[in-house]
$ cat target-v3.csv   # CSV, C-alpha atoms and all ligand atoms
chain,number,residue,atom,x,y,z
B,1,MET,CA,36.8,-11.4,-12.3
B,2,PRO,CA,38.4,-11.8,-15.8
B,3,ASP,CA,42.0,-13.2,-15.6
B,4,GLN,CA,43.8,-10.6,-17.7
B,5,GLN,CA,42.6,-7.5,-15.8
B,6,PRO,CA,45.4,-5.5,-14.1
B,7,ILE,CA,45.3,-5.7,-10.3
B,8,PRO,CA,43.1,-2.8,-9.0
B,9,GLU,CA,44.1,-0.7,-6.1
B,10,THR,CA,40.6,-0.7,-4.7
B,11,VAL,CA,38.0,-3.5,-4.8
B,12,ILE,CA,34.3,-2.8,-4.1
B,13,LEU,CA,32.3,-5.9,-3.1
B,14,GLY,CA,28.5,-6.1,-3.6
B,15,ALA,CA,28.6,-3.9,-6.7
B,16,GLY,CA,25.0,-4.6,-7.6
B,17,GLY,CA,23.6,-2.8,-4.6
B,18,MET,CA,22.4,0.7,-3.8
B,19,LEU,CA,25.5,2.1,-2.0
B,20,ALA,CA,27.9,0.5,-4.4
B,21,THR,CA,26.0,2.1,-7.3
B,22,ILE,CA,26.8,5.5,-5.8
B,23,TRP,CA,30.4,4.5,-5.4
B,24,ALA,CA,30.4,3.6,-9.1
B,25,GLU,CA,29.2,7.1,-9.9
B,26,THR,CA,31.9,8.5,-7.7
B,27,ALA,CA,34.6,6.5,-9.5
B,28,GLY,CA,33.2,7.7,-12.9
B,29,PRO,CA,33.1,5.8,-16.2
B,30,ALA,CA,36.9,5.2,-16.2
B,31,LEU,CA,36.6,3.4,-12.8
B,32,ARG,CA,39.5,5.4,-11.5
B,33,HIS,CA,39.4,7.8,-8.5
B,34,PRO,CA,42.1,10.3,-7.5
B,35,GLN,CA,42.0,8.9,-4.0
B,36,LEU,CA,41.3,5.3,-4.6
B,37,GLY,CA,43.3,4.6,-7.8
B,38,PRO,CA,41.8,2.0,-10.3
B,39,VAL,CA,38.7,0.5,-8.8
B,40,ALA,CA,37.2,-3.0,-9.5
B,41,PHE,CA,33.5,-3.3,-8.9
B,42,LEU,CA,32.6,-6.9,-8.2
B,43,THR,CA,29.0,-8.1,-8.0
B,44,ALA,CA,27.8,-11.2,-6.2
B,45,ALA,CA,28.3,-13.1,-9.4
B,46,ASP,CA,31.9,-11.9,-9.7
B,47,CYS,CA,32.7,-12.5,-6.1
B,48,ASP,CA,30.4,-14.3,-3.6
B,49,ILE,CA,31.7,-13.1,-0.3
B,50,THR,CA,30.7,-16.4,1.4
B,51,LYS,CA,33.2,-18.3,-0.9
B,52,PRO,CA,36.8,-18.2,0.3
B,53,GLY,CA,38.1,-19.0,-3.3
B,54,ASP,CA,36.2,-16.0,-4.7
B,55,LEU,CA,37.7,-13.7,-2.0
B,56,ALA,CA,41.2,-15.0,-2.6
B,57,ARG,CA,40.9,-14.2,-6.3
B,58,ALA,CA,39.2,-10.8,-5.8
B,59,ILE,CA,41.5,-9.5,-3.0
B,60,ALA,CA,44.8,-10.2,-4.7
B,61,GLN,CA,48.3,-9.1,-3.5
B,62,GLY,CA,48.6,-5.5,-4.5
B,63,VAL,CA,45.0,-4.5,-3.6
B,64,ARG,CA,45.4,-1.8,-0.9
B,65,LEU,CA,41.7,-1.0,-0.1
B,66,VAL,CA,38.6,-3.2,0.0
B,67,ILE,CA,35.2,-1.5,0.4
B,68,ASN,CA,32.6,-4.0,1.5
B,69,CYS,CA,29.1,-3.0,0.3
B,70,ALA,CA,27.9,-6.6,0.1
B,71,ALA,CA,25.3,-7.5,2.7
B,72,TYR,CA,22.1,-9.4,3.4
B,73,THR,CA,19.8,-6.4,3.9
B,74,ALA,CA,16.3,-8.0,3.9
B,75,VAL,CA,15.4,-7.1,7.5
B,76,ASP,CA,12.1,-8.9,7.8
B,77,GLN,CA,13.2,-11.9,5.8
B,78,ALA,CA,16.2,-12.3,8.0
B,79,GLU,CA,13.9,-13.4,10.8
B,80,SER,CA,13.2,-16.6,9.0
B,81,GLU,CA,16.7,-16.9,7.3
B,82,GLU,CA,19.0,-15.9,10.2
B,83,SER,CA,21.7,-18.5,9.3
B,84,ARG,CA,21.9,-17.1,5.7
B,85,ALA,CA,22.0,-13.5,7.0
B,86,THR,CA,24.7,-14.4,9.5
B,87,GLU,CA,26.8,-16.2,6.9
B,88,ILE,CA,26.8,-13.1,4.7
B,89,ASN,CA,26.8,-10.3,7.4
B,90,GLY,CA,28.9,-12.2,10.0
B,91,ALA,CA,31.2,-15.1,8.9
B,92,ALA,CA,31.9,-13.7,5.5
B,93,VAL,CA,33.0,-10.3,7.0
B,94,GLY,CA,35.5,-12.2,9.2
B,95,ARG,CA,36.8,-13.9,6.0
B,96,ILE,CA,37.1,-10.7,4.1
B,97,ALA,CA,39.0,-9.2,7.0
B,98,ALA,CA,41.3,-12.2,7.2
B,99,ARG,CA,42.1,-11.9,3.5
B,100,CYS,CA,42.7,-8.1,3.8
B,101,ARG,CA,45.1,-8.8,6.6
B,102,GLU,CA,46.9,-11.4,4.5
B,103,VAL,CA,47.5,-9.0,1.6
B,104,GLY,CA,47.9,-5.9,3.8
B,105,ALA,CA,44.8,-4.1,2.5
B,106,THR,CA,42.6,-1.8,4.5
B,107,LEU,CA,38.9,-2.9,4.8
B,108,VAL,CA,36.1,-0.4,4.8
B,109,HIS,CA,32.9,-2.1,6.1
B,110,TYR,CA,29.4,-0.8,6.6
B,111,SER,CA,27.3,-1.6,9.6
B,112,THR,CA,24.0,-0.4,11.0
B,113,ASP,CA,22.1,1.3,13.8
B,114,TYR,CA,20.2,-2.0,14.2
B,115,VAL,CA,23.1,-3.4,16.3
B,116,PHE,CA,21.5,-1.3,19.1
B,117,ASP,CA,18.3,-2.0,20.8
B,118,GLY,CA,16.7,1.4,20.4
B,119,SER,CA,15.8,1.9,24.0
B,120,ALA,CA,18.1,5.0,24.5
B,121,SER,CA,16.9,8.6,24.4
B,122,VAL,CA,20.2,10.2,23.6
B,123,PRO,CA,22.4,9.4,20.5
B,124,TYR,CA,24.2,6.0,20.6
B,125,ARG,CA,27.9,6.5,21.2
B,126,VAL,CA,30.3,4.5,19.1
B,127,ASP,CA,31.3,2.4,22.2
B,128,ALA,CA,27.7,1.8,23.4
B,129,PRO,CA,27.1,-1.9,24.0
B,130,ARG,CA,25.6,-3.8,21.0
B,131,ASN,CA,22.2,-5.3,21.8
B,132,PRO,CA,20.3,-6.1,18.6
B,133,VAL,CA,16.6,-6.8,18.8
B,134,GLY,CA,16.3,-8.7,15.5
B,135,ALA,CA,18.0,-11.3,13.3
B,136,TYR,CA,19.5,-8.7,10.8
B,137,GLY,CA,20.9,-6.7,13.7
B,138,ARG,CA,22.4,-9.8,15.3
B,139,SER,CA,24.0,-10.8,12.0
B,140,LYS,CA,25.5,-7.4,11.5
B,141,ALA,CA,26.7,-7.3,15.1
B,142,ALA,CA,28.4,-10.7,14.5
B,143,GLY,CA,30.2,-9.1,11.5
B,144,GLU,CA,31.4,-6.2,13.7
B,145,GLU,CA,32.8,-8.6,16.4
B,146,LEU,CA,34.7,-10.7,13.8
B,147,LEU,CA,36.1,-7.6,12.2
B,148,GLU,CA,37.3,-6.2,15.6
B,149,ARG,CA,39.0,-9.6,16.4
B,150,SER,CA,40.5,-10.0,12.9
B,151,GLY,CA,43.7,-8.0,13.3
B,152,ALA,CA,42.9,-6.3,10.0
B,153,ASP,CA,43.3,-2.6,9.4
B,154,PHE,CA,39.7,-1.5,9.2
B,155,LEU,CA,37.2,1.3,9.2
B,156,ASN,CA,33.7,0.2,10.2
B,157,LEU,CA,31.1,2.8,9.5
B,158,ARG,CA,27.7,2.4,11.1
B,159,THR,CA,25.0,4.1,9.0
B,160,ALA,CA,21.2,4.3,9.1
B,161,TRP,CA,18.1,4.8,7.0
B,162,LEU,CA,20.1,4.8,3.8
B,163,TYR,CA,18.6,6.0,0.5
B,164,ALA,CA,19.6,7.0,-3.0
B,165,HIS,CA,17.9,7.8,-6.4
B,166,CYS,CA,18.3,4.1,-7.2
B,167,GLY,CA,17.6,0.8,-5.4
B,168,ALA,CA,14.8,-0.2,-3.0
B,169,ASN,CA,14.6,2.5,-0.3
B,170,PHE,CA,12.0,4.5,1.7
B,171,VAL,CA,12.5,7.7,-0.2
B,172,ARG,CA,11.7,6.2,-3.5
B,173,THR,CA,8.8,4.2,-2.1
B,174,ILE,CA,7.2,7.3,-0.6
B,175,ALA,CA,7.8,9.4,-3.6
B,176,LYS,CA,6.0,6.8,-5.8
B,177,ALA,CA,3.2,6.3,-3.3
B,178,ALA,CA,2.6,10.1,-3.0
B,179,ARG,CA,1.9,10.3,-6.8
B,180,GLU,CA,-0.5,7.3,-6.6
B,181,ARG,CA,-2.5,7.7,-3.4
B,182,PRO,CA,-4.4,10.5,-1.7
B,183,THR,CA,-3.2,9.7,1.9
B,184,LEU,CA,-0.3,7.9,3.4
B,185,ARG,CA,0.0,6.7,7.0
B,186,VAL,CA,3.6,6.6,8.3
B,187,VAL,CA,5.0,5.6,11.7
B,188,ASN,CA,5.9,8.5,14.0
B,189,ASP,CA,7.4,6.5,16.9
B,190,GLN,CA,10.8,5.5,15.4
B,191,GLY,CA,13.5,8.1,15.3
B,192,GLY,CA,16.7,8.1,13.3
B,193,ARG,CA,19.0,9.9,10.9
B,194,PRO,CA,18.1,9.4,7.2
B,195,THR,CA,21.3,9.1,5.3
B,196,SER,CA,22.0,9.8,1.6
B,197,CYS,CA,24.4,7.3,0.0
B,198,ALA,CA,26.2,10.3,-1.5
B,199,THR,CA,26.9,11.6,2.0
B,200,LEU,CA,28.0,8.2,3.1
B,201,VAL,CA,30.5,7.9,0.2
B,202,ASP,CA,31.7,11.5,0.9
B,203,ILE,CA,32.2,10.7,4.7
B,204,THR,CA,34.0,7.5,3.8
B,205,LEU,CA,36.5,9.3,1.5
B,206,ARG,CA,37.1,12.1,4.0
B,207,LEU,CA,37.7,9.7,6.9
B,208,LEU,CA,40.1,7.6,4.7
B,209,ALA,CA,41.9,10.8,3.7
B,210,ALA,CA,42.3,11.5,7.4
B,211,ASN,CA,43.5,8.0,8.1
B,212,ALA,CA,40.6,7.3,10.5
B,213,ARG,CA,40.3,3.7,11.6
B,214,GLY,CA,38.1,1.6,13.9
B,215,THR,CA,34.4,2.0,14.3
B,216,LEU,CA,32.7,5.4,13.6
B,217,HIS,CA,29.2,6.5,12.8
B,218,ALA,CA,28.4,7.9,9.4
B,219,CYS,CA,24.9,9.5,8.9
B,220,ASN,CA,23.5,12.8,7.8
B,221,SER,CA,23.1,15.1,10.8
B,222,GLY,CA,19.8,16.0,12.5
B,223,GLU,CA,17.1,13.5,13.5
B,224,CYS,CA,13.5,12.8,12.6
B,225,THR,CA,10.8,10.1,12.5
B,226,TRP,CA,9.8,8.2,9.4
B,227,PHE,CA,6.7,10.4,9.4
B,228,ASP,CA,8.8,13.6,9.3
B,229,LEU,CA,10.9,12.1,6.5
B,230,ALA,CA,7.8,11.1,4.6
B,231,SER,CA,6.3,14.6,5.1
B,232,ALA,CA,9.4,16.2,3.6
B,233,ILE,CA,9.3,13.9,0.6
B,234,VAL,CA,5.5,14.3,0.0
B,235,GLU,CA,5.7,18.1,0.3
B,236,ARG,CA,8.3,18.1,-2.5
B,237,VAL,CA,6.4,15.6,-4.6
B,238,ASN,CA,3.2,17.7,-4.2
B,239,ALA,CA,5.0,20.9,-5.2
B,240,ALA,CA,6.6,19.3,-8.2
B,241,SER,CA,3.4,17.5,-9.5
B,242,GLY,CA,0.6,19.8,-8.3
B,243,GLY,CA,-0.6,16.9,-6.2
B,244,SER,CA,-2.3,17.0,-2.8
B,245,CYS,CA,-1.2,13.8,-1.1
B,246,ALA,CA,-1.5,14.0,2.7
B,247,VAL,CA,0.6,12.2,5.3
B,248,GLU,CA,-0.8,11.1,8.6
B,249,PRO,CA,1.2,9.9,11.6
B,250,CYS,CA,0.5,6.4,13.1
B,251,ALA,CA,2.1,4.0,15.6
B,252,SER,CA,4.4,1.1,14.7
B,253,SER,CA,1.9,-1.2,16.5
B,254,GLU,CA,-0.6,-0.5,13.7
B,255,TYR,CA,1.8,-2.1,11.2
B,256,PRO,CA,3.2,-5.3,12.8
B,257,ARG,CA,6.1,-6.7,10.8
B,258,PRO,CA,8.2,-9.8,11.3
B,259,ALA,CA,11.2,-7.9,12.6
B,260,ARG,CA,11.1,-5.6,15.5
B,261,ARG,CA,12.8,-2.2,14.7
B,262,PRO,CA,14.7,-0.1,17.3
B,263,ALA,CA,12.5,2.8,18.4
B,264,TYR,CA,15.3,5.2,18.7
B,265,SER,CA,18.4,4.7,16.6
B,266,VAL,CA,20.1,8.0,16.4
B,267,LEU,CA,23.9,7.5,16.1
B,268,ASP,CA,26.2,9.9,17.7
B,269,LEU,CA,28.3,11.7,15.1
B,270,GLY,CA,30.6,13.5,17.5
B,271,PRO,CA,33.8,11.5,16.9
B,272,THR,CA,33.2,11.5,13.1
B,273,GLU,CA,32.6,15.3,13.0
B,274,ALA,CA,35.7,15.8,15.2
B,275,VAL,CA,37.7,14.3,12.2
B,276,ILE,CA,35.9,15.7,9.2
B,277,GLY,CA,33.9,18.7,10.4
B,278,PRO,CA,30.1,19.2,10.3
B,279,ILE,CA,28.1,16.7,8.3
B,280,THR,CA,25.3,17.8,6.0
B,281,PRO,CA,21.8,18.0,7.7
B,282,TRP,CA,19.4,15.3,6.4
B,283,ARG,CA,17.0,17.8,4.8
B,284,ASP,CA,19.8,19.3,2.7
B,285,ALA,CA,21.0,15.9,1.6
B,286,LEU,CA,17.5,14.7,0.6
B,287,ARG,CA,16.9,17.6,-1.8
B,288,PRO,CA,19.2,16.7,-4.7
B,289,VAL,CA,18.2,13.0,-4.4
B,290,LEU,CA,14.5,13.9,-4.7
B,291,ASP,CA,15.3,16.2,-7.6
B,292,ARG,CA,16.8,13.2,-9.3
B,293,ILE,CA,14.0,10.9,-8.5
B,294,LEU,CA,11.4,13.4,-9.7
B,295,THR,CA,13.3,14.0,-13.0
B,296,PRO,CA,13.4,10.4,-14.3
B,297,GLN,CA,16.6,9.5,-16.1
B,298,PRO,CA,17.5,6.2,-17.9
B,299,SER,CA,19.9,5.4,-15.0
B,300,ASN,CA,17.1,5.6,-12.3
B,301,ALA,CA,16.8,1.8,-12.3
T,1,LIG,N1,19.8,0.2,3.3
T,1,LIG,C1,19.8,0.7,4.6
T,1,LIG,O1,18.9,1.4,5.0
T,1,LIG,C2,21.0,0.4,5.5
T,1,LIG,C3,21.0,1.0,6.8
T,1,LIG,C4,22.1,0.7,7.6
T,1,LIG,C5,23.1,0.0,7.1
T,1,LIG,N2,23.1,-0.5,5.8
T,1,LIG,C6,24.3,-1.2,5.4
T,1,LIG,O2,24.9,-0.5,4.3
T,1,LIG,C7,25.5,-1.4,3.4
T,1,LIG,C8,25.0,-1.2,2.0
T,1,LIG,O3,23.6,-1.4,1.9
T,1,LIG,P1,22.7,-1.3,0.6
T,1,LIG,O4,21.4,-0.7,1.0
T,1,LIG,O5,23.5,-0.7,-0.5
T,1,LIG,O6,22.4,-2.8,0.3
T,1,LIG,P2,21.8,-3.5,-1.0
T,1,LIG,O7,21.3,-2.5,-1.9
T,1,LIG,O8,20.9,-4.6,-0.5
T,1,LIG,O9,23.1,-4.2,-1.6
T,1,LIG,C9,23.7,-5.3,-1.1
T,1,LIG,C10,24.4,-6.0,-2.2
T,1,LIG,O10,25.1,-7.2,-1.6
T,1,LIG,C11,25.0,-8.2,-2.5
T,1,LIG,N3,25.2,-9.5,-1.9
T,1,LIG,C12,24.3,-10.2,-1.1
T,1,LIG,N4,24.9,-11.4,-0.8
T,1,LIG,C13,26.2,-11.4,-1.3
T,1,LIG,C14,27.2,-12.3,-1.3
T,1,LIG,N5,27.1,-13.5,-0.7
T,1,LIG,N6,28.3,-12.0,-2.0
T,1,LIG,C15,28.5,-10.9,-2.7
T,1,LIG,N7,27.5,-9.9,-2.7
T,1,LIG,C16,26.3,-10.2,-2.0
T,1,LIG,C17,23.6,-8.1,-3.1
T,1,LIG,O11,23.6,-8.8,-4.3
T,1,LIG,P3,22.2,-9.5,-4.8
T,1,LIG,O12,21.2,-8.4,-4.9
T,1,LIG,O13,22.6,-10.1,-6.1
T,1,LIG,O14,21.9,-10.5,-3.7
T,1,LIG,C18,23.5,-6.6,-3.2
T,1,LIG,O15,23.9,-6.2,-4.5
T,1,LIG,C19,25.2,-2.8,3.9
T,1,LIG,O16,26.3,-3.3,4.7
T,1,LIG,C20,24.0,-2.6,4.8
T,1,LIG,O17,23.9,-3.5,5.9
T,1,LIG,C21,22.1,-0.3,5.0
$ encode --input "target-v3.csv" --output "structure tokens" --more "lines below"
Ligand SMILES: NC(=O)c1ccc[n+]([C@@H]2O[C@H](COP(=O)([O-])OP(=O)(O)OC[C@H]3O[C@@H](n4cnc5c(N)ncnc54)[C@H](OP(=O)(O)O)[C@@H]3O)[C@@H](O)[C@H]2O)c1
Amino acid sequence: MPDQQPIPETVILGAGGMLATIWAETAGPALRHPQLGPVAFLTAADCDITKPGDLARAIAQGVRLVINCAAYTAVDQAESEESRATEINGAAVGRIAARCREVGATLVHYSTDYVFDGSASVPYRVDAPRNPVGAYGRSKAAGEELLERSGADFLNLRTAWLYAHCGANFVRTIAKAARERPTLRVVNDQGGRPTSCATLVDITLRLLAANARGTLHACNSGECTWFDLASAIVERVNAASGGSCAVEPCASSEYPRPARRPAYSVLDLGPTEAVIGPITPWRDALRPVLDRILTPQPSNA
């Protein structure tokens, strides 16, 4: 961070990532938000969250809110790099929380449905026991535990199946494949709640405005399988392009991957909706993002 900058009220870590990009759009070109005040967006090059010196500089006295969008998110790669994943998603979260406590800042952190094992058949309650089945989930669970023990003022939002018009995500991958291939086979035995980054930012702001704290779930409402989600995307792509791509359901066992995924990772939204009211259903949130993906703009990097 350059030395002569005024102290921001809000610091967003991991500014190069997908969710942080949507936060940047929300803050606007002046990097000032009515609820957040002046916002500093710090990439991994500006602030490596595994480096205590970087955190001390980035989270200075006067900062009142830190939004941690930084994470190790390569789910399959984490299986062979668990210590790196745990350093970023676990230990570093503990250090961010400790620094927030020192300066009296509130920490917003994002966690994941992958902290659960996916063996349930009803939505996971906020207080359900963590039992991750893979290295990424274990690293995020470690971060949650350190956050809870830190004594910091925090809001930990577990989200799932995140997408936006930018970044590497399922919605963009399927939208591209649908324009290139006649048939797509997509797994139909994993259920969850696809979540638009725009909805997640909106939920975060509304929870902060209501002074919500602790751990809550933050997803679009409704539930579906990856096959259902792919079908909704392809239907829209076909309609826009005059294409005829078909989607076929298949089983996860047909596509073995290094990391096991939870079969059922629907997060209970009850406590969140009790604070902010009904959350947008996933199909409604998907529509504007698909519109944007299908109408390429210079910013769709
Ligand atoms: N994507 C999903 O489907 C999903 C689902 C559930 C929960 N989440 C959670 O939602 C949050 C946002 O995810 P996202 O999809 O926006 O992730 P993302 O696009 O992968 O962005 C993560 C950012 O963190 C940065 N980062 C990595 N290591 C860092 C370090 N040591 N110091 C500072 N920055 C570092 C990365 O920078 P480099 O690219 O330069 O490494 C990247 O810009 C994460 O907490 C994630 O676990 C995501």
$ atom_distance --input "target-v3.csv" --atom1 "atom N5 of ligand LIG 1 (chain T)" --atom2 "CA of Tyr124 (chain B)"
29.0 Å
$ closest_residue --input "target-v3.csv" --among "B:Pro34, B:Pro52, B:Gly277, B:Gly28" --to "ligand LIG 1 (chain T)" --atoms "all atoms listed in the file"
B:Pro52
$ closest_atom_pairs --input "target-v3.csv" --of "chain B" --to "ligand LIG 1 (chain T)" --cutoff "8 Å" --atoms "all atoms listed in the file" --output "tab-separated table"
residue	atom	partner	partner_atom	distance
B:Leu13	CA	T:LIG1	N7	6.3
B:Gly14	CA	T:LIG1	N7	4.0
B:Ala15	CA	T:LIG1	O15	5.7
B:Gly16	CA	T:LIG1	O15	3.7
B:Gly17	CA	T:LIG1	O9	3.3
B:Met18	CA	T:LIG1	O5	3.7
B:Leu19	CA	T:LIG1	O5	3.8
B:Ala20	CA	T:LIG1	O5	6.0
B:Thr21	CA	T:LIG1	O5	7.8
B:Leu42	CA	T:LIG1	C15	7.9
B:Thr43	CA	T:LIG1	N7	5.8
B:Ala44	CA	T:LIG1	C15	3.6
B:Ala45	CA	T:LIG1	C15	7.1
B:Asp46	CA	T:LIG1	C15	7.8
B:Cys47	CA	T:LIG1	C15	5.6
B:Asp48	CA	T:LIG1	N6	3.5
B:Ile49	CA	T:LIG1	N6	4.0
B:Thr50	CA	T:LIG1	N5	5.1
B:Lys51	CA	T:LIG1	N5	7.8
B:Asn68	CA	T:LIG1	O16	7.1
B:Cys69	CA	T:LIG1	C8	4.8
B:Ala70	CA	T:LIG1	O10	3.3
B:Ala71	CA	T:LIG1	O10	4.3
B:Tyr72	CA	T:LIG1	C12	5.1
B:Thr73	CA	T:LIG1	O8	4.9
B:Ala74	CA	T:LIG1	O8	7.2
B:Ile88	CA	T:LIG1	N5	5.4
B:Asn89	CA	T:LIG1	O16	7.5
B:Ala92	CA	T:LIG1	N5	7.8
B:His109	CA	T:LIG1	O16	6.9
B:Tyr110	CA	T:LIG1	O16	4.4
B:Ser111	CA	T:LIG1	C5	5.1
B:Thr112	CA	T:LIG1	C5	4.0
B:Asp113	CA	T:LIG1	C4	6.2
B:Tyr114	CA	T:LIG1	C4	7.4
B:Lys140	CA	T:LIG1	O17	7.0
B:Arg158	CA	T:LIG1	C5	6.6
B:Thr159	CA	T:LIG1	C4	4.7
B:Ala160	CA	T:LIG1	C4	4.0
B:Trp161	CA	T:LIG1	O1	4.0
B:Leu162	CA	T:LIG1	O1	3.8
B:Tyr163	CA	T:LIG1	O1	6.4
B:Gly167	CA	T:LIG1	O7	6.1
B:Ala168	CA	T:LIG1	O7	7.0
B:Asn169	CA	T:LIG1	N1	6.7
$ atom_distance --input "target-v3.csv" --atom1 "CA of Asp202 (chain B)" --atom2 "CA of Ala40 (chain B)"
18.7 Å
$ closest_residue --input "target-v3.csv" --among "B:Ile67, B:Ala259, B:Ala152, B:Ile279" --to "Pro132 (chain B)" --atoms "only C-alpha atoms"
B:Ala259
$ closest_residue --input "target-v3.csv" --among "B:Asn131, B:Thr183, B:Ser196, B:Asn188" --to "Ala285 (chain B)" --atoms "all atoms listed in the file"
B:Ser196
$ atom_distance --input "target-v3.csv" --atom1 "CA of Thr272 (chain B)" --atom2 "CA of Asp117 (chain B)"
21.5 Å
$ decode --input "target-v3.csv" --residues "region 8-30 of chain B" --atoms "N, CA and C atoms" --output "JSON list (two decimals), in the first residue's frame"
[["chain", "number", "residue", "atom", "x", "y", "z"],
["B", 8, "PRO", "N", -8.01, 4.19, 5.03],
["B", 8, "PRO", "CA", -9.38, 3.89, 4.59],
["B", 8, "PRO", "C", -10.22, 3.45, 5.79],
["B", 9, "GLU", "N", -11.52, 3.55, 5.66],
["B", 9, "GLU", "CA", -12.39, 3.01, 6.72],
["B", 9, "GLU", "C", -12.57, 1.52, 6.54],
["B", 10, "THR", "N", -12.54, 1.08, 5.27],
["B", 10, "THR", "CA", -12.74, -0.33, 4.98],
["B", 10, "THR", "C", -11.59, -0.84, 4.12],
["B", 11, "VAL", "N", -11.10, -2.03, 4.46],
["B", 11, "VAL", "CA", -10.03, -2.66, 3.69],
["B", 11, "VAL", "C", -10.55, -3.98, 3.14],
["B", 12, "ILE", "N", -10.39, -4.17, 1.82],
["B", 12, "ILE", "CA", -10.80, -5.43, 1.21],
["B", 12, "ILE", "C", -9.55, -6.19, 0.78],
["B", 13, "LEU", "N", -9.38, -7.38, 1.34],
["B", 13, "LEU", "CA", -8.21, -8.21, 1.06],
["B", 13, "LEU", "C", -8.54, -9.20, -0.06],
["B", 14, "GLY", "N", -7.53, -9.56, -0.85],
["B", 14, "GLY", "CA", -7.76, -10.50, -1.97],
["B", 14, "GLY", "C", -8.44, -9.82, -3.13],
["B", 15, "ALA", "N", -8.05, -8.55, -3.38],
["B", 15, "ALA", "CA", -8.78, -7.71, -4.35],
["B", 15, "ALA", "C", -8.70, -8.20, -5.79],
["B", 16, "GLY", "N", -7.79, -9.13, -6.09],
["B", 16, "GLY", "CA", -7.71, -9.64, -7.47],
["B", 16, "GLY", "C", -8.74, -10.71, -7.78],
["B", 17, "GLY", "N", -9.48, -11.17, -6.80],
["B", 17, "GLY", "CA", -10.36, -12.33, -7.00],
["B", 17, "GLY", "C", -11.75, -11.95, -7.49],
["B", 18, "MET", "N", -12.56, -12.99, -7.69],
["B", 18, "MET", "CA", -13.89, -12.83, -8.27],
["B", 18, "MET", "C", -14.82, -12.02, -7.35],
["B", 19, "LEU", "N", -14.95, -12.44, -6.12],
["B", 19, "LEU", "CA", -15.87, -11.76, -5.21],
["B", 19, "LEU", "C", -15.43, -10.31, -4.97],
["B", 20, "ALA", "N", -14.12, -10.12, -4.80],
["B", 20, "ALA", "CA", -13.62, -8.76, -4.55],
["B", 20, "ALA", "C", -13.87, -7.86, -5.76],
["B", 21, "THR", "N", -13.88, -8.43, -6.96],
["B", 21, "THR", "CA", -14.16, -7.63, -8.16],
["B", 21, "THR", "C", -15.59, -7.08, -8.10],
["B", 22, "ILE", "N", -16.50, -7.88, -7.58],
["B", 22, "ILE", "CA", -17.89, -7.41, -7.47],
["B", 22, "ILE", "C", -17.99, -6.38, -6.33],
["B", 23, "TRP", "N", -17.19, -6.56, -5.29],
["B", 23, "TRP", "CA", -17.12, -5.52, -4.26],
["B", 23, "TRP", "C", -16.62, -4.20, -4.86],
["B", 24, "ALA", "N", -15.64, -4.30, -5.75],
["B", 24, "ALA", "CA", -15.08, -3.07, -6.35],
["B", 24, "ALA", "C", -16.14, -2.37, -7.19],
["B", 25, "GLU", "N", -16.94, -3.15, -7.91],
["B", 25, "GLU", "CA", -18.03, -2.53, -8.69],
["B", 25, "GLU", "C", -19.02, -1.84, -7.75],
["B", 26, "THR", "N", -19.27, -2.47, -6.61],
["B", 26, "THR", "CA", -20.23, -1.91, -5.65],
["B", 26, "THR", "C", -19.70, -0.61, -5.07],
["B", 27, "ALA", "N", -18.41, -0.55, -4.85],
["B", 27, "ALA", "CA", -17.82, 0.68, -4.29],
["B", 27, "ALA", "C", -17.76, 1.79, -5.34],
["B", 28, "GLY", "N", -17.74, 1.42, -6.61],
["B", 28, "GLY", "CA", -17.71, 2.42, -7.68],
["B", 28, "GLY", "C", -16.33, 2.98, -7.90],
["B", 29, "PRO", "N", -16.16, 3.78, -8.98],
["B", 29, "PRO", "CA", -14.82, 4.25, -9.35],
["B", 29, "PRO", "C", -14.17, 5.13, -8.29],
["B", 30, "ALA", "N", -14.99, 5.77, -7.45],
["B", 30, "ALA", "CA", -14.40, 6.64, -6.42],
["B", 30, "ALA", "C", -13.93, 5.84, -5.21]]
